[in-house]
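Asks: Handing you a structure now.
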Amino acid sequence: MFRAGEIAPGTMFAVINLADEKVESLCAELTEKGNGNVIVPANYNCPGQLVISGSAQYLRESAPLFKEAGARMVMELPVSGAFHSPLLQPAKEKLAEKIMQINFSDARIPVYSNVYAKPIVNAGEIREALIRQLMSPVKWTQSLFEMNNNGITRFIEVGPGNVLQGLVKRTLKDMEVLGIDKADDIEKFL
């Protein structure tokens, strides 16, 4: 991914309080007239928070347009590349080579893929999602809504921090949201 960023320098910006549809439309418009530069939705974090990704200089020059369109805040993120965008094509090719060498089995428990925002169990779909996720937007908001539609009301974030817990709370109401941040936290769940 780092090498892909050297080939095609990119960056990401958080766009706060602008409707997803407006962000998507502006991204499409800017990419269409970008002379090979791209700006795409990259992370649907929660309602009112969408991260965009694209060609570094072009995105920096275009960022004020999202503010002019009504965003409360447009802020560059400290990242090394345009993650979840077409600029990661070289990295996707290398990742695909490695993933294609791994044997996959169908999942026993549905896996909610942020690429599709739906549960999948088929081994081929899981493999494809792992490859596509590098260049596809993270449909976290849509995945949460789909999980909730399927009756999931308890969410446990595993790993340091609580960012995902906060995004769940901002997206869905009346959910049980927990975190396993340290090894000691595991005791609560045993």
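The chains in the structure tokens are called A, B, ... from first to last as shown; in each chain the residues are counted from 1, and the ligands are counted from 1 in the order shown.
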Let's see if you can do this: from backbone DSSP, list all helix (DSSP H, G or I) residues in segment 40-155 of chain A, as a ChimeraX atom specification.
Replies: /A:56-68,86-99,123-132,140-149
Asks: Leaving out Met75 of chain A and any residue of its chain fewer than 3 positions from it, which residues lie within 8 Å of it when counting only C-alpha atoms, given as a VMD selection string?
Replies: chain A and resid 13 to 15
Asks: Go ahead and save the picked residues with N, CA and C atoms, as a PDB file, in the first residue's frame.
Replies:
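Written out: part.pdb:
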```
ATOM      1  N   PHE A  13      -9.690  12.895   3.452  1.00  0.00           N
ATOM      2  CA  PHE A  13     -10.293  13.979   4.216  1.00  0.00           C
ATOM      3  C   PHE A  13     -11.578  13.486   4.860  1.00  0.00           C
ATOM      4  N   ALA A  14     -11.825  13.900   6.087  1.00  0.00           N
ATOM      5  CA  ALA A  14     -13.110  13.660   6.736  1.00  0.00           C
ATOM      6  C   ALA A  14     -14.039  14.801   6.356  1.00  0.00           C
ATOM      7  N   VAL A  15     -15.254  14.442   5.955  1.00  0.00           N
ATOM      8  CA  VAL A  15     -16.278  15.432   5.627  1.00  0.00           C
ATOM      9  C   VAL A  15     -17.386  15.255   6.658  1.00  0.00           C
TER      10      VAL A  15
END
```
Asks: Quick one: residues within 12 Å of Met100 of chain A, only C-alpha atoms counted, chain neighbours fewer than 4 positions away excluded, as a list in words?
Replies: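 Neighbouring residues, sequence-local ones excluded: Lys92, Glu93, Lys94, Leu95, Ala96, Phe104, Ala123, Gly124, Ile126, Arg127, Glu128, Leu130 and Ile131 of chain A.
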Asks: For Tyr112 of chain A, please output as a list in words all residues within 10 Å (counting only C-alpha atoms; exclusion window: fewer than 2 positions along the same chain).
Replies: Ile109, Pro110, Asn114, Val115, Tyr116, Ala117, Lys118, Pro119, Ile120, Val121, Ile126, Trp140, Ser143, Leu144, Glu146 and Met147 of chain A
Asks: Within 9 Å of segment 20-26 of chain A, which residues of segment 60-80 of chain A show up? Give each one with its shortest atom-to-atom distance in Å (one decimal) and the two atoms involved, counting only C-alpha atoms, rows by chain then rising residue number, as a Markdown table.
Replies:
```
| residue | atom | partner | partner_atom | distance |
| --- | --- | --- | --- | --- |
| A:Leu65 | CA | A:Leu26 | CA | 8.3 |
| A:Phe66 | CA | A:Val23 | CA | 7.3 |
| A:Ala69 | CA | A:Lys22 | CA | 7.9 |
```
Asks: Could you write those residues out with N, CA and C atoms, as a CSV table (one decimal), in the first residue's frame?
Replies:
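File out-v5.csv, as written:
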```csv
chain,number,residue,atom,x,y,z
A,65,LEU,N,-14.5,22.9,-1.7
A,65,LEU,CA,-15.8,22.7,-2.4
A,65,LEU,C,-16.8,22.0,-1.5
A,66,PHE,N,-16.3,21.0,-0.7
A,66,PHE,CA,-17.2,20.3,0.2
A,66,PHE,C,-17.7,21.2,1.3
A,69,ALA,N,-20.3,23.3,-0.1
A,69,ALA,CA,-21.5,22.6,-0.4
A,69,ALA,C,-22.3,22.4,0.9
```
Asks: Residues of segment 47-157 of chain A within 7 Å of segment 171-176 of chain A: nearest atom pair and distance (Å, one decimal) for each, counting only C-alpha atoms, sorted by chain and number, as a tab-separated table?
Replies:
```
residue	atom	partner	partner_atom	distance
A:Pro47	CA	A:Thr171	CA	6.3
A:Thr141	CA	A:Thr171	CA	6.9
A:Thr153	CA	A:Met175	CA	5.1
A:Arg154	CA	A:Glu176	CA	4.6
A:Phe155	CA	A:Glu176	CA	6.1
```
Asks: Can you work out which one of A:Val158, A:Met73, A:Val163, A:Val51 has the shortest atom-to-atom distance to Ala183 of chain A, counting only C-alpha atoms?
Replies: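 Using only C-alpha atoms, Ala183 of chain A sits closest to A:Val158.
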Asks: Can you pull out every residue within 9 Å of Gly161 of chain A, counting only C-alpha atoms, but drop anything in the same chain fewer than 4 positions away, and send it as a list in words?
Replies: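 Residues meeting the cut-off are Glu157, Gln165, Gly179, Ile180 and Asp181 of chain A.
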Asks: Could you give me the residues within segment 8-132 of chain A that DSSP places in strand (DSSP E), as a PyMOL selection string?
Replies: chain A and resi 10-16+39-46+49-55+73-76+111-113+118-120
Asks: How many Å lie between atom CA of Gly10 of chain A and atom CA of Val74 of chain A, rounded to one decimal?
Replies: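 Distance between the two atoms: 16.2 Å.
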Asks: Find the spatial neighbours of segment 34-45 of chain A, counting only C-alpha atoms, within a cut-off of 8 Å - ignore same-chain residues fewer than 2 positions away - and output them as a ChimeraX atom specification.
Replies: /A:23-24,27-28,30-32,47,49-55,58-59,83-86,136-142,167
Asks: Limited to C-alpha atoms, could you put the picked residues into a file as a PDB file, in the first residue's frame?
Replies:
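Generated file (selection.pdb):
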```pdb
ATOM      1  CA  VAL A  23     -20.626  13.984  -0.956  1.00  0.00           C
ATOM      2  CA  GLU A  24     -21.022  11.131  -3.475  1.00  0.00           C
ATOM      3  CA  CYS A  27     -16.902  13.212  -5.687  1.00  0.00           C
ATOM      4  CA  ALA A  28     -18.313  11.895  -8.985  1.00  0.00           C
ATOM      5  CA  LEU A  30     -14.794  16.151  -9.419  1.00  0.00           C
ATOM      6  CA  THR A  31     -13.488  12.786 -10.641  1.00  0.00           C
ATOM      7  CA  GLU A  32     -15.215  13.264 -14.005  1.00  0.00           C
ATOM      8  CA  PRO A  47     -24.494   9.352   9.478  1.00  0.00           C
ATOM      9  CA  GLN A  49     -19.343  11.472   8.779  1.00  0.00           C
ATOM     10  CA  LEU A  50     -17.939  10.330   5.457  1.00  0.00           C
ATOM     11  CA  VAL A  51     -14.241  10.095   4.637  1.00  0.00           C
ATOM     12  CA  ILE A  52     -13.173  10.775   1.058  1.00  0.00           C
ATOM     13  CA  SER A  53      -9.989   9.582  -0.613  1.00  0.00           C
ATOM     14  CA  GLY A  54      -8.117  10.576  -3.725  1.00  0.00           C
ATOM     15  CA  SER A  55      -5.251  12.151  -5.600  1.00  0.00           C
ATOM     16  CA  TYR A  58      -6.245  17.503  -6.434  1.00  0.00           C
ATOM     17  CA  LEU A  59      -8.117  16.552  -3.261  1.00  0.00           C
ATOM     18  CA  PHE A  83      -6.942   4.127   1.010  1.00  0.00           C
ATOM     19  CA  HIS A  84     -10.123   2.510  -0.352  1.00  0.00           C
ATOM     20  CA  SER A  85      -9.693   4.225  -3.709  1.00  0.00           C
ATOM     21  CA  PRO A  86      -8.686   3.272  -7.262  1.00  0.00           C
ATOM     22  CA  SER A 136     -13.775  -0.270  -2.193  1.00  0.00           C
ATOM     23  CA  PRO A 137     -15.388   2.118   0.264  1.00  0.00           C
ATOM     24  CA  VAL A 138     -15.826   0.841   3.802  1.00  0.00           C
ATOM     25  CA  LYS A 139     -19.603   0.613   4.151  1.00  0.00           C
ATOM     26  CA  TRP A 140     -19.567   0.614   7.949  1.00  0.00           C
ATOM     27  CA  THR A 141     -22.796   2.613   8.368  1.00  0.00           C
ATOM     28  CA  GLN A 142     -24.638   0.401   5.880  1.00  0.00           C
ATOM     29  CA  LEU A 167     -19.586   4.912  15.624  1.00  0.00           C
TER      30      LEU A 167
END
```
